[in-house]
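**Q** Dropping in data.txt, which is compact mmCIF, N, CA and C atoms:
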# COMPACT_ATOMS: atom_id res chain seq x y z
N MET A 15 95.24 63.26 69.46
CA MET A 15 94.47 63.83 70.55
C MET A 15 95.04 65.18 70.97
N GLN A 16 96.37 65.26 71.17
CA GLN A 16 96.99 66.50 71.60
C GLN A 16 96.91 67.57 70.51
N VAL A 17 96.97 67.15 69.26
CA VAL A 17 96.89 68.10 68.16
C VAL A 17 95.51 68.75 68.14
N ALA A 18 94.48 68.00 68.42
CA ALA A 18 93.12 68.54 68.45
C ALA A 18 92.97 69.56 69.57
N VAL A 19 93.57 69.28 70.71
CA VAL A 19 93.50 70.20 71.83
C VAL A 19 94.23 71.50 71.48
N VAL A 20 95.39 71.38 70.87
CA VAL A 20 96.17 72.57 70.48
C VAL A 20 95.38 73.39 69.47
N GLU A 21 94.75 72.74 68.52
CA GLU A 21 93.96 73.45 67.51
C GLU A 21 92.76 74.15 68.15
N ARG A 22 92.12 73.51 69.12
CA ARG A 22 90.98 74.14 69.81
C ARG A 22 91.42 75.36 70.60
N VAL A 23 92.57 75.24 71.26
CA VAL A 23 93.09 76.38 72.04
C VAL A 23 93.47 77.51 71.08
N LYS A 24 94.08 77.18 69.98
CA LYS A 24 94.46 78.19 68.99
C LYS A 24 93.22 78.89 68.44
N GLY A 25 92.18 78.12 68.12
CA GLY A 25 90.93 78.70 67.62
C GLY A 25 90.28 79.60 68.66
N PHE A 26 90.30 79.16 69.91
CA PHE A 26 89.74 79.96 70.99
C PHE A 26 90.48 81.28 71.11
N ALA A 27 91.80 81.24 71.07
CA ALA A 27 92.60 82.45 71.19
C ALA A 27 92.32 83.41 70.03
N GLN A 28 92.14 82.88 68.84
CA GLN A 28 91.83 83.73 67.69
C GLN A 28 90.46 84.38 67.86
N GLU A 29 89.49 83.64 68.37
CA GLU A 29 88.16 84.21 68.60
C GLU A 29 88.20 85.29 69.67
N VAL A 30 88.98 85.06 70.71
CA VAL A 30 89.12 86.06 71.77
C VAL A 30 89.72 87.35 71.21
N LEU A 31 90.76 87.23 70.42
CA LEU A 31 91.39 88.42 69.82
C LEU A 31 90.42 89.14 68.90
N ALA A 32 89.61 88.40 68.15
CA ALA A 32 88.63 89.01 67.26
C ALA A 32 87.60 89.79 68.07
N GLU A 33 87.18 89.26 69.20
CA GLU A 33 86.23 89.96 70.06
C GLU A 33 86.86 91.20 70.68
N PHE A 34 88.13 91.10 71.08
CA PHE A 34 88.82 92.26 71.65
C PHE A 34 88.89 93.41 70.65
N ARG A 35 89.02 93.09 69.38
CA ARG A 35 89.08 94.15 68.37
C ARG A 35 87.74 94.87 68.22
N LYS A 36 86.63 94.20 68.58
CA LYS A 36 85.30 94.80 68.47
C LYS A 36 84.98 95.72 69.64
N VAL A 37 85.73 95.60 70.73
CA VAL A 37 85.43 96.36 71.95
C VAL A 37 85.74 97.84 71.74
N THR A 38 84.85 98.70 72.23
CA THR A 38 85.11 100.13 72.23
C THR A 38 85.74 100.45 73.57
N TRP A 39 87.05 100.67 73.58
CA TRP A 39 87.78 100.90 74.81
C TRP A 39 87.59 102.34 75.26
N PRO A 40 87.51 102.58 76.58
CA PRO A 40 87.34 103.94 77.07
C PRO A 40 88.61 104.76 76.86
N SER A 41 88.41 106.07 76.76
CA SER A 41 89.58 106.94 76.66
C SER A 41 90.26 107.01 78.01
N ARG A 42 91.45 107.56 78.05
CA ARG A 42 92.18 107.67 79.31
C ARG A 42 91.38 108.52 80.31
N GLN A 43 90.78 109.60 79.84
CA GLN A 43 90.02 110.49 80.72
C GLN A 43 88.78 109.78 81.27
N GLU A 44 88.09 109.01 80.43
CA GLU A 44 86.93 108.25 80.91
C GLU A 44 87.36 107.24 81.97
N LEU A 45 88.49 106.61 81.75
CA LEU A 45 89.00 105.62 82.69
C LEU A 45 89.35 106.28 84.03
N VAL A 46 90.00 107.43 83.98
CA VAL A 46 90.36 108.15 85.20
C VAL A 46 89.09 108.58 85.94
N ASN A 47 88.12 109.14 85.22
CA ASN A 47 86.88 109.58 85.85
C ASN A 47 86.14 108.42 86.51
N SER A 48 86.05 107.31 85.83
CA SER A 48 85.38 106.13 86.39
C SER A 48 86.11 105.62 87.62
N THR A 49 87.42 105.63 87.58
CA THR A 49 88.20 105.16 88.72
C THR A 49 87.99 106.06 89.93
N VAL A 50 87.97 107.37 89.71
CA VAL A 50 87.73 108.31 90.81
C VAL A 50 86.34 108.08 91.41
N VAL A 51 85.35 107.90 90.57
CA VAL A 51 83.99 107.66 91.06
C VAL A 51 83.95 106.39 91.91
N VAL A 52 84.58 105.33 91.45
CA VAL A 52 84.58 104.07 92.20
C VAL A 52 85.27 104.24 93.55
N ILE A 53 86.40 104.94 93.57
CA ILE A 53 87.12 105.14 94.83
C ILE A 53 86.30 105.98 95.79
N VAL A 54 85.69 107.07 95.31
CA VAL A 54 84.89 107.94 96.17
C VAL A 54 83.69 107.19 96.74
N VAL A 55 82.98 106.46 95.89
CA VAL A 55 81.81 105.71 96.35
C VAL A 55 82.23 104.65 97.37
N THR A 56 83.35 104.00 97.14
CA THR A 56 83.85 102.98 98.07
C THR A 56 84.17 103.58 99.43
N VAL A 57 84.84 104.73 99.44
CA VAL A 57 85.18 105.39 100.71
C VAL A 57 83.92 105.84 101.44
N VAL A 58 82.98 106.47 100.72
CA VAL A 58 81.74 106.93 101.36
C VAL A 58 80.97 105.75 101.93
N LEU A 59 80.86 104.68 101.18
CA LEU A 59 80.15 103.49 101.65
C LEU A 59 80.85 102.87 102.86
N ALA A 60 82.17 102.84 102.84
CA ALA A 60 82.93 102.29 103.98
C ALA A 60 82.68 103.14 105.23
N LEU A 61 82.70 104.46 105.08
CA LEU A 61 82.44 105.33 106.23
C LEU A 61 81.02 105.13 106.76
N PHE A 62 80.06 105.05 105.87
CA PHE A 62 78.67 104.83 106.26
C PHE A 62 78.51 103.51 107.01
N LEU A 63 79.06 102.44 106.45
CA LEU A 63 78.93 101.13 107.09
C LEU A 63 79.67 101.09 108.42
N GLY A 64 80.81 101.79 108.51
CA GLY A 64 81.52 101.88 109.77
C GLY A 64 80.69 102.58 110.83
N ALA A 65 80.03 103.67 110.45
CA ALA A 65 79.18 104.41 111.39
C ALA A 65 78.00 103.56 111.83
N VAL A 66 77.37 102.87 110.90
CA VAL A 66 76.24 102.00 111.24
C VAL A 66 76.72 100.89 112.18
N ASP A 67 77.87 100.34 111.93
CA ASP A 67 78.42 99.29 112.78
C ASP A 67 78.64 99.79 114.21
N ILE A 68 79.20 100.99 114.34
CA ILE A 68 79.44 101.55 115.67
C ILE A 68 78.12 101.78 116.40
N VAL A 69 77.14 102.36 115.71
CA VAL A 69 75.84 102.63 116.33
C VAL A 69 75.17 101.33 116.76
N LEU A 70 75.17 100.34 115.89
CA LEU A 70 74.53 99.07 116.24
C LEU A 70 75.27 98.36 117.37
N ALA A 71 76.59 98.43 117.36
CA ALA A 71 77.37 97.79 118.43
C ALA A 71 77.04 98.43 119.78
N ARG A 72 76.94 99.75 119.80
CA ARG A 72 76.59 100.44 121.06
C ARG A 72 75.17 100.12 121.48
N ALA A 73 74.25 100.03 120.51
CA ALA A 73 72.87 99.70 120.84
C ALA A 73 72.77 98.30 121.42
N VAL A 74 73.46 97.35 120.83
CA VAL A 74 73.46 95.97 121.34
C VAL A 74 74.10 95.94 122.73
N GLU A 75 75.19 96.66 122.89
CA GLU A 75 75.86 96.72 124.20
C GLU A 75 74.91 97.29 125.26
N TRP A 76 74.15 98.30 124.89
CA TRP A 76 73.21 98.93 125.82
C TRP A 76 72.08 97.96 126.19
N VAL A 77 71.57 97.27 125.17
CA VAL A 77 70.48 96.31 125.41
C VAL A 77 70.98 95.17 126.31
N LEU A 78 72.16 94.67 126.03
CA LEU A 78 72.67 93.54 126.82
C LEU A 78 73.04 93.94 128.25
N SER A 79 73.32 95.22 128.45
CA SER A 79 73.63 95.68 129.82
C SER A 79 72.35 96.01 130.58
N GLY A 80 71.22 95.79 129.98
CA GLY A 80 69.94 96.05 130.64
C GLY A 80 69.58 97.52 130.68
N GLY A 81 70.20 98.31 129.85
CA GLY A 81 69.89 99.73 129.76
C GLY A 81 70.51 100.54 130.89
N ARG A 82 71.41 99.92 131.65
CA ARG A 82 72.01 100.63 132.77
C ARG A 82 73.08 101.61 132.32
N LYS A 83 73.80 101.26 131.27
CA LYS A 83 74.82 102.17 130.75
C LYS A 83 74.18 103.16 129.80
N GLY A 84 74.71 104.36 129.80
CA GLY A 84 74.21 105.34 128.84
C GLY A 84 74.75 105.06 127.47
N ILE A 85 74.01 105.43 126.45
CA ILE A 85 74.48 105.22 125.08
C ILE A 85 75.42 106.32 124.78
Could you spell out this file's structure in structure tokens?

**A**
Amino acid sequence: MQVAVVERVKGFAQEVLAEFRKVTWPSRQELVNSTVVVIVVTVVLALFLGAVDIVLARAVEWVLSGGRKGI
């Protein structure tokens, strides 16, 4: 039983390595460019969502105060 499990794991590992050899890996420059794009988009999206959160929080606060406080 254990020998069969070991053989299956060994076969799986060999198949994984064979698939890894087929992959076209990005160059270092492509990797750096993609990383910069991801970081920039993440920061811009975080700033946008933060601004929307502040605006909505103030709007809800204004509504709940009965419109007595200024926005």

**Q** Do you have the CA of Asn47 (chain A)-atom N of Leu59 (chain A) distance handy?

**A**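 Those two atoms sit 17.2 Å apart.
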
**Q** Enumerate as a PyMOL selection string all residues of chain A assigned to alpha helix (DSSP H) by DSSP on the backbone, naming them with the chain letters and numbers the document uses.

**A** chain A and resi 16-36+42-78

**Q** One decimal, Å: what's the distance from CA of Glu29 (chain A) over to atom C of Val17 (chain A), could you say?

**A** 17.1 Å
